[in-house]
Amino acid sequence: MKFKVYLDCCCFNRPYDKQNQPRILQETQAKVDIQHSVANGELELVVSTMLFRENSVNKNREARSYIEHFMLDHGSTLVISNIPVVKTIREGIMATGIKTADATHLASAICSHCDYFITTDDRILKYRTDEIKILNPVQFMKEVRQ
């Protein structure tokens, strides 16, 4: 089965973080493995206008360029993040304390019927819903390799 995945900005940027902690190293390797699976057609990548907007202000030019090109080259679905259905889902998520940008990412993933939302953000990892599985890159790789 080919899973539909949505990686949020912090996940896309994980390889550009300082690699001085075991968690960061593990998440970086798992994120790179996920990208290889997307590039090889084993996973379907969903992207959103919110991802492009957030990435456009990334201060790391190299990261910004690489991420943008990867999303353009490998995104199978583009969710327009300001459409009414996304806004409605986002409002419900924000009611739980999730901030606007993160709620928009989650709503975009839910709206496009993703199987997984992959993030390195601890606040988002605590959010629970029956509509999508939310995992960090390491958890995701363990789950799909079973």
# chains A, B, ... in the order shown; residues from 1 in each chain; ligands from 1
$ residues_around --residues "segment 61-77 of chain A" --least-positions-apart "6" --cutoff "8 Å" --atoms "only C-alpha atoms" --output "ChimeraX atom specification"
/A:12-13,16,38-39,44-48,52,55,112
$ residues_around --residues "Lys2 of chain A" --least-positions-apart "4" --cutoff "9 Å" --atoms "only C-alpha atoms" --output "JSON, numbers by chain"
{"A": [41, 42, 43, 44]}
$ residues_around --residues "Cys114 of chain A" --least-positions-apart "4" --cutoff "10 Å" --atoms "only C-alpha atoms" --output "VMD selection string"
chain A and resid 3 to 6 44 to 46 106 108 to 110 131 to 133
$ select_by_dssp --residues "chain A" --states "helix (DSSP H, G or I)" --output "MDAnalysis selection string"
chainID A and resid 9:16 22:39 49:56 61:74 84:94 100:111 122:125 137:145
$ closest_atom_pairs --of "segment 55-140 of chain A" --to "segment 19-28 of chain A" --cutoff "12 Å" --atoms "only C-alpha atoms" --output "CSV"
residue,atom,partner,partner_atom,distance
A:Ile118,CA,A:Glu27,CA,10.6
A:Thr119,CA,A:Glu27,CA,9.5
A:Thr120,CA,A:Glu27,CA,7.6
A:Asp121,CA,A:Glu27,CA,11.3
A:Leu135,CA,A:Glu27,CA,11.0
A:Asn136,CA,A:Glu27,CA,7.4
A:Pro137,CA,A:Glu27,CA,5.6
A:Val138,CA,A:Glu27,CA,5.6
A:Gln139,CA,A:Glu27,CA,9.0
A:Phe140,CA,A:Glu27,CA,10.1
$ closest_residue --among "A:Leu78, A:Leu51, A:Cys10, A:Ile83" --to "His105 of chain A" --atoms "only C-alpha atoms"
A:Leu51
$ select_by_dssp --residues "segment 6-145 of chain A" --states "strand (DSSP E)" --output "NGL selection string"
:A and (6-7 or 43-48 or 75-79 or 116-118 or 133-135)
$ residues_around --residues "Cys111 of chain A" --least-positions-apart "6" --cutoff "8 Å" --atoms "only C-alpha atoms" --output "JSON, numbers by chain"
{"A": [85, 86, 89]}
$ write_last_selection --atoms "all heavy atoms" --output "compact mmCIF listing (two decimals), in the first residue's frame"
# COMPACT_ATOMS: atom_id res chain seq x y z
N VAL A 85 -12.94 24.58 3.51
CA VAL A 85 -12.89 23.31 4.25
C VAL A 85 -11.64 23.24 5.12
O VAL A 85 -11.69 22.76 6.26
CB VAL A 85 -13.03 22.08 3.31
CG1 VAL A 85 -11.83 21.96 2.40
CG2 VAL A 85 -13.23 20.81 4.12
N VAL A 86 -10.52 23.72 4.62
CA VAL A 86 -9.28 23.72 5.41
C VAL A 86 -9.44 24.69 6.58
O VAL A 86 -9.06 24.37 7.72
CB VAL A 86 -8.05 24.09 4.55
CG1 VAL A 86 -6.80 24.26 5.41
CG2 VAL A 86 -7.81 23.01 3.49
N ILE A 89 -11.60 23.06 9.35
CA ILE A 89 -10.84 22.05 10.10
C ILE A 89 -9.79 22.73 10.98
O ILE A 89 -9.61 22.38 12.15
CB ILE A 89 -10.19 21.03 9.14
CG1 ILE A 89 -11.28 20.24 8.39
CG2 ILE A 89 -9.25 20.08 9.88
CD1 ILE A 89 -10.75 19.42 7.22
$ atom_distance --atom1 "atom CA of Arg128 of chain A" --atom2 "atom CA of Met1 of chain A"
23.8 Å
